[in-house]
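Okay, start34.tsv is below, TSV, C-alpha atoms:
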```
chain	number	residue	atom	x	y	z
A	16	MET	CA	-48.10	13.35	-19.85
A	17	PRO	CA	-46.94	16.95	-20.48
A	18	GLN	CA	-43.54	17.81	-21.91
A	19	CYS	CA	-40.69	19.47	-20.01
A	20	TYR	CA	-40.83	23.27	-20.37
A	21	LYS	CA	-37.05	23.57	-20.60
A	22	TYR	CA	-36.02	20.87	-23.08
A	23	SER	CA	-39.35	19.57	-24.44
A	24	SER	CA	-38.46	16.14	-23.12
A	25	SER	CA	-41.15	13.45	-22.89
A	26	GLN	CA	-39.36	11.54	-20.08
A	27	ILE	CA	-41.78	12.85	-17.45
A	28	VAL	CA	-43.02	11.19	-14.26
A	29	LYS	CA	-45.41	12.34	-11.55
A	30	ASN	CA	-43.67	13.81	-8.51
A	31	GLY	CA	-46.20	14.58	-5.77
A	32	MET	CA	-48.68	17.42	-5.28
A	33	VAL	CA	-48.15	21.16	-4.80
A	34	ARG	CA	-51.13	23.29	-3.63
A	35	ASN	CA	-53.52	20.55	-4.78
A	36	GLU	CA	-51.93	20.48	-8.23
A	37	GLN	CA	-50.01	17.58	-9.76
A	38	ARG	CA	-46.27	18.15	-9.94
A	39	PHE	CA	-44.10	16.49	-12.60
A	40	LEU	CA	-40.38	15.68	-12.80
A	41	CYS	CA	-38.29	15.66	-15.97
A	42	LYS	CA	-35.94	12.67	-15.75
A	43	GLU	CA	-33.64	14.23	-18.35
A	44	CYS	CA	-32.90	17.59	-16.68
A	45	VAL	CA	-34.36	16.95	-13.16
A	46	TYR	CA	-36.72	19.93	-13.50
A	47	ASN	CA	-39.90	20.05	-11.37
A	48	PHE	CA	-42.94	21.79	-12.81
A	49	VAL	CA	-46.71	22.03	-12.71
A	50	ASP	CA	-48.56	21.63	-16.00
A	51	LYS	CA	-50.31	24.98	-16.39
A	52	PRO	CA	-50.22	27.74	-19.05
A	53	ARG	CA	-46.92	29.59	-18.97
A	54	ARG	CA	-46.86	33.36	-18.59
A	55	GLY	CA	-45.05	35.51	-21.14
A	56	ALA	CA	-44.06	34.82	-24.72
A	57	PRO	CA	-42.78	31.38	-25.74
A	58	LEU	CA	-39.02	31.00	-25.77
A	59	LYS	CA	-39.10	29.95	-29.42
A	60	GLU	CA	-40.69	33.29	-30.34
A	61	LYS	CA	-37.97	35.29	-28.55
A	62	ILE	CA	-35.22	33.31	-30.27
A	63	GLN	CA	-36.83	34.00	-33.64
A	64	VAL	CA	-36.97	37.73	-32.91
A	65	LEU	CA	-33.26	37.83	-32.07
A	66	LEU	CA	-32.34	35.81	-35.16
A	67	LEU	CA	-34.31	38.17	-37.41
A	68	HIS	CA	-32.61	41.17	-35.81
A	69	LEU	CA	-29.14	39.64	-36.21
A	70	ASN	CA	-29.86	38.75	-39.84
A	71	GLY	CA	-30.45	42.30	-41.01
A	72	LEU	CA	-34.11	43.11	-40.33
A	73	SER	CA	-35.03	46.35	-38.63
A	74	LEU	CA	-36.91	46.27	-35.33
A	75	ASN	CA	-40.06	47.61	-37.02
A	76	ALA	CA	-39.91	44.95	-39.76
A	77	THR	CA	-39.33	42.23	-37.15
A	78	ALA	CA	-42.37	43.45	-35.20
A	79	LYS	CA	-44.58	43.29	-38.30
A	80	ILE	CA	-43.45	39.78	-39.23
A	81	MET	CA	-43.94	38.48	-35.70
A	82	GLY	CA	-47.25	40.28	-35.16
A	83	LEU	CA	-45.92	42.11	-32.12
A	84	SER	CA	-45.44	45.73	-31.14
A	85	THR	CA	-42.12	47.44	-31.79
A	86	PRO	CA	-41.66	48.37	-28.09
A	87	THR	CA	-41.98	44.67	-27.19
A	88	ILE	CA	-39.27	43.77	-29.71
A	89	MET	CA	-37.06	46.56	-28.37
A	90	ARG	CA	-37.51	45.32	-24.81
A	91	TRP	CA	-36.64	41.72	-25.70
A	92	VAL	CA	-33.50	42.79	-27.59
A	93	ALA	CA	-32.39	45.09	-24.75
A	94	GLU	CA	-33.00	42.46	-22.05
A	95	PHE	CA	-31.11	39.81	-23.96
A	96	ALA	CA	-28.17	42.09	-24.81
A	97	GLU	CA	-27.78	43.20	-21.19
A	98	LYS	CA	-27.97	39.66	-19.85
A	99	TYR	CA	-26.11	37.55	-22.39
A	100	ALA	CA	-24.03	39.73	-24.75
A	101	GLU	CA	-21.11	40.32	-22.42
A	102	LYS	CA	-17.77	41.72	-23.58
A	103	PRO	CA	-14.70	39.43	-23.58
A	104	GLU	CA	-12.32	39.44	-20.63
A	105	PRO	CA	-8.56	39.88	-21.18
A	106	SER	CA	-6.06	37.10	-20.67
A	107	ALA	CA	-3.38	37.42	-18.00
A	108	GLY	CA	-0.57	37.53	-20.55
A	109	GLY	CA	-1.79	40.64	-22.31
A	110	VAL	CA	-2.27	41.35	-26.02
A	111	VAL	CA	0.38	41.80	-28.68
A	112	VAL	CA	-1.63	43.77	-31.28
A	113	MET	CA	-4.92	45.66	-30.95
A	114	GLU	CA	-6.46	47.38	-33.98
A	115	LEU	CA	-8.37	50.63	-33.45
A	116	ASP	CA	-10.73	52.23	-35.96
A	117	GLU	CA	-13.66	54.64	-35.99
A	118	MET	CA	-16.86	53.96	-37.95
A	119	GLY	CA	-19.30	56.68	-38.96
A	120	HIS	CA	-23.00	56.42	-38.10
A	121	TYR	CA	-26.04	58.65	-37.59
A	122	LEU	CA	-28.36	59.16	-34.65
A	123	LYS	CA	-31.90	60.21	-35.66
A	124	LYS	CA	-30.68	60.97	-39.23
A	125	ALA	CA	-29.19	64.32	-38.20
A	126	CYS	CA	-26.58	63.76	-35.51
A	127	LYS	CA	-23.30	62.36	-36.79
A	128	LEU	CA	-22.04	59.64	-34.47
A	129	TRP	CA	-18.74	57.75	-34.41
A	130	ILE	CA	-18.18	54.24	-33.08
A	131	TRP	CA	-14.59	53.79	-31.89
A	132	LYS	CA	-13.80	50.07	-32.02
A	133	ALA	CA	-11.06	47.88	-30.56
A	134	TYR	CA	-10.39	44.64	-32.43
A	135	CYS	CA	-7.97	42.15	-30.89
A	136	ARG	CA	-5.79	40.66	-33.62
A	137	ASP	CA	-4.52	37.92	-31.30
A	138	THR	CA	-7.97	36.43	-30.68
A	139	GLY	CA	-10.04	37.81	-33.59
A	140	GLN	CA	-12.52	39.35	-31.15
A	141	LEU	CA	-14.25	42.71	-31.06
A	142	VAL	CA	-13.40	43.40	-27.44
A	143	ASP	CA	-14.76	46.92	-26.85
A	144	TRP	CA	-16.20	50.07	-28.42
A	145	GLU	CA	-17.19	53.61	-27.47
A	146	CYS	CA	-19.77	55.87	-29.12
A	147	GLY	CA	-19.48	59.63	-29.40
A	148	SER	CA	-17.99	62.42	-31.48
A	149	ARG	CA	-14.84	62.24	-33.58
A	150	ASP	CA	-12.74	64.25	-31.17
A	151	ARG	CA	-10.41	62.65	-28.63
A	152	SER	CA	-12.97	62.27	-25.80
A	153	PRO	CA	-14.45	58.87	-26.80
A	154	LEU	CA	-10.98	57.58	-27.66
A	155	LYS	CA	-9.72	58.51	-24.19
A	156	VAL	CA	-12.59	56.60	-22.57
A	157	LEU	CA	-11.94	53.55	-24.76
A	158	LEU	CA	-8.19	53.54	-24.12
A	159	LYS	CA	-8.80	53.78	-20.38
A	160	ARG	CA	-10.89	50.61	-20.48
A	161	LEU	CA	-8.29	48.89	-22.67
A	162	LYS	CA	-5.53	49.31	-20.08
A	163	LYS	CA	-6.48	45.99	-18.49
A	164	TRP	CA	-5.70	44.26	-21.81
A	165	LYS	CA	-1.99	45.24	-21.52
A	166	VAL	CA	-1.68	45.99	-25.23
A	167	ARG	CA	1.88	46.14	-26.59
A	168	LEU	CA	1.07	47.73	-29.95
A	169	PHE	CA	-1.95	49.64	-31.28
A	170	CYS	CA	-2.48	49.62	-35.05
A	171	THR	CA	-4.60	52.59	-36.11
A	172	GLY	CA	-5.53	54.72	-39.09
A	173	ASP	CA	-3.90	58.05	-39.87
A	174	TYR	CA	-6.36	60.14	-37.87
A	175	PRO	CA	-4.28	62.50	-35.62
A	176	ALA	CA	-6.27	61.76	-32.44
A	177	TYR	CA	-4.61	58.35	-32.12
A	178	ALA	CA	-1.06	59.72	-32.10
A	179	SER	CA	-2.00	62.34	-29.51
A	180	GLU	CA	-3.35	59.73	-27.06
A	181	ILE	CA	-1.09	56.70	-27.61
A	182	PRO	CA	2.62	56.99	-26.68
A	183	ASN	CA	5.38	56.62	-29.29
A	184	GLY	CA	6.62	53.06	-29.51
A	185	HIS	CA	3.14	51.66	-28.86
A	186	ILE	CA	1.43	52.83	-32.05
A	187	TYR	CA	1.63	52.02	-35.75
A	188	GLN	CA	-0.42	54.27	-38.05
A	189	GLY	CA	-1.43	53.03	-41.48
A	190	LYS	CA	-4.46	51.45	-43.13
A	191	ASP	CA	-2.33	48.48	-44.19
A	192	GLN	CA	-2.49	47.17	-40.60
A	193	THR	CA	-6.16	47.92	-39.82
A	194	TRP	CA	-7.81	45.94	-42.62
A	195	ARG	CA	-9.23	43.40	-40.14
A	196	CYS	CA	-11.08	46.12	-38.26
A	197	GLU	CA	-12.23	47.62	-41.58
A	198	GLN	CA	-13.50	44.18	-42.56
A	199	ASN	CA	-15.36	44.03	-39.25
A	200	ASN	CA	-17.02	47.35	-40.11
A	201	GLY	CA	-18.20	45.85	-43.40
A	202	ARG	CA	-19.66	42.80	-41.65
A	203	GLN	CA	-21.44	45.06	-39.19
A	204	ARG	CA	-23.06	47.05	-42.01
A	205	HIS	CA	-24.04	43.80	-43.74
A	206	TRP	CA	-25.67	42.02	-40.79
A	207	LEU	CA	-27.41	44.97	-39.05
A	208	ALA	CA	-29.91	47.15	-40.87
A	209	ARG	CA	-29.35	50.33	-38.86
A	210	PHE	CA	-25.66	50.52	-39.81
A	211	ARG	CA	-26.11	50.39	-43.59
A	212	ARG	CA	-25.04	53.57	-45.34
A	213	LYS	CA	-28.06	53.95	-47.62
A	214	SER	CA	-30.95	52.98	-45.38
A	215	ILE	CA	-34.04	54.54	-43.86
A	216	VAL	CA	-33.41	52.47	-40.72
A	217	VAL	CA	-31.98	54.75	-38.04
A	218	SER	CA	-30.72	54.57	-34.47
A	219	LYS	CA	-32.80	56.68	-32.11
A	220	SER	CA	-30.70	56.32	-28.96
A	221	ILE	CA	-27.12	55.44	-28.11
A	222	LYS	CA	-28.34	52.93	-25.53
A	223	ARG	CA	-30.35	51.02	-28.12
A	224	MET	CA	-27.44	51.14	-30.55
A	225	ASN	CA	-25.10	49.78	-27.87
A	226	HIS	CA	-27.45	46.82	-27.39
A	227	THR	CA	-27.19	46.06	-31.10
A	228	MET	CA	-23.41	46.47	-30.99
A	229	ALA	CA	-23.20	44.03	-28.07
A	230	LEU	CA	-25.28	41.43	-29.93
A	231	PHE	CA	-23.17	41.86	-33.07
A	232	ALA	CA	-19.92	41.42	-31.14
A	233	ARG	CA	-21.19	38.41	-29.18
A	234	PHE	CA	-22.96	36.50	-31.95
A	235	ARG	CA	-21.44	37.69	-35.24
A	236	VAL	CA	-17.77	38.22	-34.30
A	237	ASN	CA	-16.87	36.50	-31.03
A	238	GLY	CA	-19.40	33.68	-31.47
A	239	THR	CA	-22.17	32.49	-33.79
A	240	VAL	CA	-25.96	32.79	-33.87
A	241	ASP	CA	-26.08	28.99	-33.52
A	242	ASN	CA	-25.35	29.56	-29.82
A	243	LEU	CA	-28.61	31.44	-29.25
A	244	PRO	CA	-31.00	28.52	-28.52
A	245	SER	CA	-28.65	26.86	-26.01
A	246	ILE	CA	-28.00	30.15	-24.16
A	247	LEU	CA	-31.68	30.99	-23.76
A	248	ARG	CA	-32.69	27.56	-22.47
```
Hey, can you dump this file as structure tokens for me?
Amino acid sequence: MPQCYKYSSSQIVKNGMVRNEQRFLCKECVYNFVDKPRRGAPLKEKIQVLLLHLNGLSLNATAKIMGLSTPTIMRWVAEFAEKYAEKPEPSAGGVVVMELDEMGHYLKKACKLWIWKAYCRDTGQLVDWECGSRDRSPLKVLLKRLKKWKVRLFCTGDYPAYASEIPNGHIYQGKDQTWRCEQNNGRQRHWLARFRRKSIVVSKSIKRMNHTMALFARFRVNGTVDNLPSILR
């Protein structure tokens, strides 16, 4: 008897014929299937690719280890990030404290890029981010999306852009109250190769970098990589 494609269960029974082919039923998950070669890469291989990426390997290095092309690795990472690495949703009661900070990065080694991040102190989640320059434009976009969180107080660094966009009474400026977001920046540089300061690994597009940011937030801040196998099944 074959094993179930979803959960590798051996509790399989025959369940009729489909187009002159034997159909099987998994008694554990009630999944019907025909025992024939599956199209596409095995699920185990895709999980391994994502784990390597989230543990600090570059996409090129992951491709070499797995014996695959770099575009294939990029496609798998992008598809997974868009489908499973969703941003958190706000609670109805709002948020007491939200930390804001900007982290420097490079695009194609020449273009300086800034990642404006919003870290919710109440829940310990990286709830949103915006990529762009260090002027007020990305901050405006980020703050507009954060309105639904009903934040009572923003804790930021001393950069003047924050005070110009956040009303008095709703902002506290000082690095002594943004250390959690700074710590998050350090974790991001540790776990993802492209964000390390002294590295030949670079980001070639904002879209690709956003995919990596989404995976980092979902599986290194708001959750754990242990959730990967159960999500992909």
Around the point (-37.9, 25.8, -14.5) in the file's coordinates, collect all residues with an atom within 9 Å, using all atoms listed in the file, and return them as a ChimeraX atom specification. /A:19-21,46-48
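Interatomic distance, atom CA of A:Leu67 to atom CA of A:Ala125: 26.7 Å.
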With all atoms listed in the file counted, which protein, DNA or RNA residues have an atom no more than 8 Å from (-19.7, 42.7, -25.8) in the file frame? Please answer as a PDB file with C-alpha atoms, keeping the file's coordinate frame.
```
ATOM      1  CA  ALA A 100     -24.030  39.730 -24.750  1.00  0.00           C
ATOM      2  CA  GLU A 101     -21.110  40.320 -22.420  1.00  0.00           C
ATOM      3  CA  LYS A 102     -17.770  41.720 -23.580  1.00  0.00           C
ATOM      4  CA  PRO A 103     -14.700  39.430 -23.580  1.00  0.00           C
ATOM      5  CA  LEU A 141     -14.250  42.710 -31.060  1.00  0.00           C
ATOM      6  CA  VAL A 142     -13.400  43.400 -27.440  1.00  0.00           C
ATOM      7  CA  ASP A 143     -14.760  46.920 -26.850  1.00  0.00           C
ATOM      8  CA  MET A 228     -23.410  46.470 -30.990  1.00  0.00           C
ATOM      9  CA  ALA A 229     -23.200  44.030 -28.070  1.00  0.00           C
ATOM     10  CA  LEU A 230     -25.280  41.430 -29.930  1.00  0.00           C
ATOM     11  CA  ALA A 232     -19.920  41.420 -31.140  1.00  0.00           C
ATOM     12  CA  ARG A 233     -21.190  38.410 -29.180  1.00  0.00           C
TER      13      ARG A 233
END
```
Find the spatial neighbours of A:Ser24, counting all atoms listed in the file, within a cut-off of 9 Å - ignore same-chain residues fewer than 5 positions away - and output them as a list of chain:residue names.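 What passes the distance filter is A:Pro17, A:Gln18, A:Cys19, A:Cys41, A:Lys42, A:Glu43, A:Cys44.
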Export of the given selection (C-alpha atoms) as an mmCIF file, in the frame of the given file:
```cif
data_model
loop_
_atom_site.group_PDB
_atom_site.id
_atom_site.type_symbol
_atom_site.label_atom_id
_atom_site.label_comp_id
_atom_site.auth_asym_id
_atom_site.auth_seq_id
_atom_site.Cartn_x
_atom_site.Cartn_y
_atom_site.Cartn_z
ATOM 1 C CA PRO A 17 -46.940 16.950 -20.480
ATOM 2 C CA GLN A 18 -43.540 17.810 -21.910
ATOM 3 C CA CYS A 19 -40.690 19.470 -20.010
ATOM 4 C CA CYS A 41 -38.290 15.660 -15.970
ATOM 5 C CA LYS A 42 -35.940 12.670 -15.750
ATOM 6 C CA GLU A 43 -33.640 14.230 -18.350
ATOM 7 C CA CYS A 44 -32.900 17.590 -16.680
#
```
Compile the contact shell of A:Ser245 as a PDB file with C-alpha atoms, in the coordinates of the input: residues with an atom at most 12 Å away, counting only C-alpha atoms, same-chain residues fewer than 5 positions apart removed.
```pdb
ATOM      1  CA  LYS A  21     -37.050  23.570 -20.600  1.00  0.00           C
ATOM      2  CA  TYR A  22     -36.020  20.870 -23.080  1.00  0.00           C
ATOM      3  CA  LEU A  58     -39.020  31.000 -25.770  1.00  0.00           C
ATOM      4  CA  LYS A  59     -39.100  29.950 -29.420  1.00  0.00           C
ATOM      5  CA  ILE A  62     -35.220  33.310 -30.270  1.00  0.00           C
ATOM      6  CA  TYR A  99     -26.110  37.550 -22.390  1.00  0.00           C
ATOM      7  CA  THR A 239     -22.170  32.490 -33.790  1.00  0.00           C
ATOM      8  CA  VAL A 240     -25.960  32.790 -33.870  1.00  0.00           C
TER       9      VAL A 240
END
```
Surrounding residues of stretch 162-176 of chain A excluding itself and chain neighbours under 5 positions, 10 Å, all atoms listed in the file, as a PDB file with C-alpha atoms, keeping the file's coordinate frame:
```pdb
ATOM      1  CA  GLU A 104     -12.320  39.440 -20.630  1.00  0.00           C
ATOM      2  CA  PRO A 105      -8.560  39.880 -21.180  1.00  0.00           C
ATOM      3  CA  SER A 106      -6.060  37.100 -20.670  1.00  0.00           C
ATOM      4  CA  ALA A 107      -3.380  37.420 -18.000  1.00  0.00           C
ATOM      5  CA  GLY A 108      -0.570  37.530 -20.550  1.00  0.00           C
ATOM      6  CA  GLY A 109      -1.790  40.640 -22.310  1.00  0.00           C
ATOM      7  CA  VAL A 110      -2.270  41.350 -26.020  1.00  0.00           C
ATOM      8  CA  VAL A 111       0.380  41.800 -28.680  1.00  0.00           C
ATOM      9  CA  VAL A 112      -1.630  43.770 -31.280  1.00  0.00           C
ATOM     10  CA  MET A 113      -4.920  45.660 -30.950  1.00  0.00           C
ATOM     11  CA  GLU A 114      -6.460  47.380 -33.980  1.00  0.00           C
ATOM     12  CA  LEU A 115      -8.370  50.630 -33.450  1.00  0.00           C
ATOM     13  CA  ASP A 116     -10.730  52.230 -35.960  1.00  0.00           C
ATOM     14  CA  GLU A 117     -13.660  54.640 -35.990  1.00  0.00           C
ATOM     15  CA  ALA A 133     -11.060  47.880 -30.560  1.00  0.00           C
ATOM     16  CA  TYR A 134     -10.390  44.640 -32.430  1.00  0.00           C
ATOM     17  CA  CYS A 135      -7.970  42.150 -30.890  1.00  0.00           C
ATOM     18  CA  ARG A 136      -5.790  40.660 -33.620  1.00  0.00           C
ATOM     19  CA  VAL A 142     -13.400  43.400 -27.440  1.00  0.00           C
ATOM     20  CA  ARG A 149     -14.840  62.240 -33.580  1.00  0.00           C
ATOM     21  CA  ASP A 150     -12.740  64.250 -31.170  1.00  0.00           C
ATOM     22  CA  ARG A 151     -10.410  62.650 -28.630  1.00  0.00           C
ATOM     23  CA  SER A 152     -12.970  62.270 -25.800  1.00  0.00           C
ATOM     24  CA  LEU A 154     -10.980  57.580 -27.660  1.00  0.00           C
ATOM     25  CA  LYS A 155      -9.720  58.510 -24.190  1.00  0.00           C
ATOM     26  CA  LEU A 157     -11.940  53.550 -24.760  1.00  0.00           C
ATOM     27  CA  ILE A 181      -1.090  56.700 -27.610  1.00  0.00           C
ATOM     28  CA  PRO A 182       2.620  56.990 -26.680  1.00  0.00           C
ATOM     29  CA  ASN A 183       5.380  56.620 -29.290  1.00  0.00           C
ATOM     30  CA  GLY A 184       6.620  53.060 -29.510  1.00  0.00           C
ATOM     31  CA  HIS A 185       3.140  51.660 -28.860  1.00  0.00           C
ATOM     32  CA  ILE A 186       1.430  52.830 -32.050  1.00  0.00           C
ATOM     33  CA  TYR A 187       1.630  52.020 -35.750  1.00  0.00           C
ATOM     34  CA  GLN A 188      -0.420  54.270 -38.050  1.00  0.00           C
ATOM     35  CA  GLY A 189      -1.430  53.030 -41.480  1.00  0.00           C
ATOM     36  CA  LYS A 190      -4.460  51.450 -43.130  1.00  0.00           C
ATOM     37  CA  ASP A 191      -2.330  48.480 -44.190  1.00  0.00           C
ATOM     38  CA  GLN A 192      -2.490  47.170 -40.600  1.00  0.00           C
ATOM     39  CA  THR A 193      -6.160  47.920 -39.820  1.00  0.00           C
ATOM     40  CA  TRP A 194      -7.810  45.940 -42.620  1.00  0.00           C
ATOM     41  CA  CYS A 196     -11.080  46.120 -38.260  1.00  0.00           C
TER      42      CYS A 196
END
```
Have a look at A:Glu36, A:Gly238, A:Leu69, A:Met224 and name the one nearest to A:Trp144; count all atoms listed in the file.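 So, comparing all the options, the nearest one is A:Met224.
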Taken to one decimal, the atom CA of A:Pro57-atom CA of A:Arg34 distance is 25.0 Å
Shell of 9 Å around A:Asn75, all atoms listed in the file, local chain residues under 6 positions omitted, as a list in words: Ser84, Thr85 and Ile88 of chain A
Do you have the atom CA of A:Ala208-atom CA of A:Asn237 distance handy? 19.5 Å
For A:Gly119, which residue among A:Ser148, A:Ser25, A:Thr138, A:Ser214 is the nearest when counting all atoms listed in the file?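 The shortest atom-to-atom distance to A:Gly119 comes from A:Ser148.
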Might you pull out every residue within 8 Å of A:Lys29, with all atoms listed in the file counted and same-chain residues fewer than 3 positions away left off, and present them as a list in words?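 The residues satisfying every condition are Gln37, Arg38, Phe39 and Leu40 of chain A.
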I need stretch 149-162 of chain A from the structure I supplied, saved as a PDB file, in the first residue's frame with N, CA, C and O atoms retained.
```
ATOM      1  N   ARG A 149      15.360  58.126   3.819  1.00  0.00           N
ATOM      2  CA  ARG A 149      15.297  58.510   5.224  1.00  0.00           C
ATOM      3  C   ARG A 149      14.550  59.829   5.421  1.00  0.00           C
ATOM      4  O   ARG A 149      14.586  60.399   6.519  1.00  0.00           O
ATOM      5  N   ASP A 150      13.867  60.290   4.393  1.00  0.00           N
ATOM      6  CA  ASP A 150      13.028  61.463   4.595  1.00  0.00           C
ATOM      7  C   ASP A 150      11.687  61.033   5.188  1.00  0.00           C
ATOM      8  O   ASP A 150      11.500  59.889   5.576  1.00  0.00           O
ATOM      9  N   ARG A 151      10.735  61.939   5.235  1.00  0.00           N
ATOM     10  CA  ARG A 151       9.477  61.667   5.930  1.00  0.00           C
ATOM     11  C   ARG A 151       8.498  60.821   5.120  1.00  0.00           C
ATOM     12  O   ARG A 151       7.513  60.322   5.678  1.00  0.00           O
ATOM     13  N   SER A 152       8.735  60.638   3.830  1.00  0.00           N
ATOM     14  CA  SER A 152       7.754  59.949   2.975  1.00  0.00           C
ATOM     15  C   SER A 152       7.444  58.526   3.427  1.00  0.00           C
ATOM     16  O   SER A 152       6.269  58.166   3.592  1.00  0.00           O
ATOM     17  N   PRO A 153       8.445  57.657   3.643  1.00  0.00           N
ATOM     18  CA  PRO A 153       8.129  56.294   4.114  1.00  0.00           C
ATOM     19  C   PRO A 153       7.464  56.289   5.482  1.00  0.00           C
ATOM     20  O   PRO A 153       6.595  55.457   5.751  1.00  0.00           O
ATOM     21  N   LEU A 154       7.885  57.226   6.359  1.00  0.00           N
ATOM     22  CA  LEU A 154       7.288  57.297   7.686  1.00  0.00           C
ATOM     23  C   LEU A 154       5.806  57.648   7.602  1.00  0.00           C
ATOM     24  O   LEU A 154       4.980  57.089   8.332  1.00  0.00           O
ATOM     25  N   LYS A 155       5.457  58.556   6.708  1.00  0.00           N
ATOM     26  CA  LYS A 155       4.052  58.920   6.519  1.00  0.00           C
ATOM     27  C   LYS A 155       3.218  57.719   6.102  1.00  0.00           C
ATOM     28  O   LYS A 155       2.112  57.498   6.608  1.00  0.00           O
ATOM     29  N   VAL A 156       3.754  56.934   5.157  1.00  0.00           N
ATOM     30  CA  VAL A 156       3.045  55.740   4.678  1.00  0.00           C
ATOM     31  C   VAL A 156       2.855  54.744   5.813  1.00  0.00           C
ATOM     32  O   VAL A 156       1.779  54.166   5.989  1.00  0.00           O
ATOM     33  N   LEU A 157       3.905  54.547   6.604  1.00  0.00           N
ATOM     34  CA  LEU A 157       3.831  53.600   7.722  1.00  0.00           C
ATOM     35  C   LEU A 157       2.823  54.066   8.776  1.00  0.00           C
ATOM     36  O   LEU A 157       1.997  53.278   9.253  1.00  0.00           O
ATOM     37  N   LEU A 158       2.878  55.325   9.137  1.00  0.00           N
ATOM     38  CA  LEU A 158       1.952  55.849  10.149  1.00  0.00           C
ATOM     39  C   LEU A 158       0.502  55.771   9.688  1.00  0.00           C
ATOM     40  O   LEU A 158      -0.404  55.547  10.499  1.00  0.00           O
ATOM     41  N   LYS A 159       0.280  55.937   8.393  1.00  0.00           N
ATOM     42  CA  LYS A 159      -1.078  55.826   7.857  1.00  0.00           C
ATOM     43  C   LYS A 159      -1.621  54.420   8.048  1.00  0.00           C
ATOM     44  O   LYS A 159      -2.793  54.231   8.420  1.00  0.00           O
ATOM     45  N   ARG A 160      -0.781  53.410   7.826  1.00  0.00           N
ATOM     46  CA  ARG A 160      -1.217  52.024   8.020  1.00  0.00           C
ATOM     47  C   ARG A 160      -1.391  51.697   9.501  1.00  0.00           C
ATOM     48  O   ARG A 160      -2.172  50.814   9.862  1.00  0.00           O
ATOM     49  N   LEU A 161      -0.648  52.388  10.363  1.00  0.00           N
ATOM     50  CA  LEU A 161      -0.710  52.111  11.798  1.00  0.00           C
ATOM     51  C   LEU A 161      -1.915  52.743  12.481  1.00  0.00           C
ATOM     52  O   LEU A 161      -2.147  52.497  13.671  1.00  0.00           O
ATOM     53  N   LYS A 162      -2.673  53.556  11.768  1.00  0.00           N
ATOM     54  CA  LYS A 162      -3.846  54.191  12.378  1.00  0.00           C
ATOM     55  C   LYS A 162      -4.838  53.164  12.918  1.00  0.00           C
ATOM     56  O   LYS A 162      -5.468  53.372  13.954  1.00  0.00           O
TER      57      LYS A 162
END
```
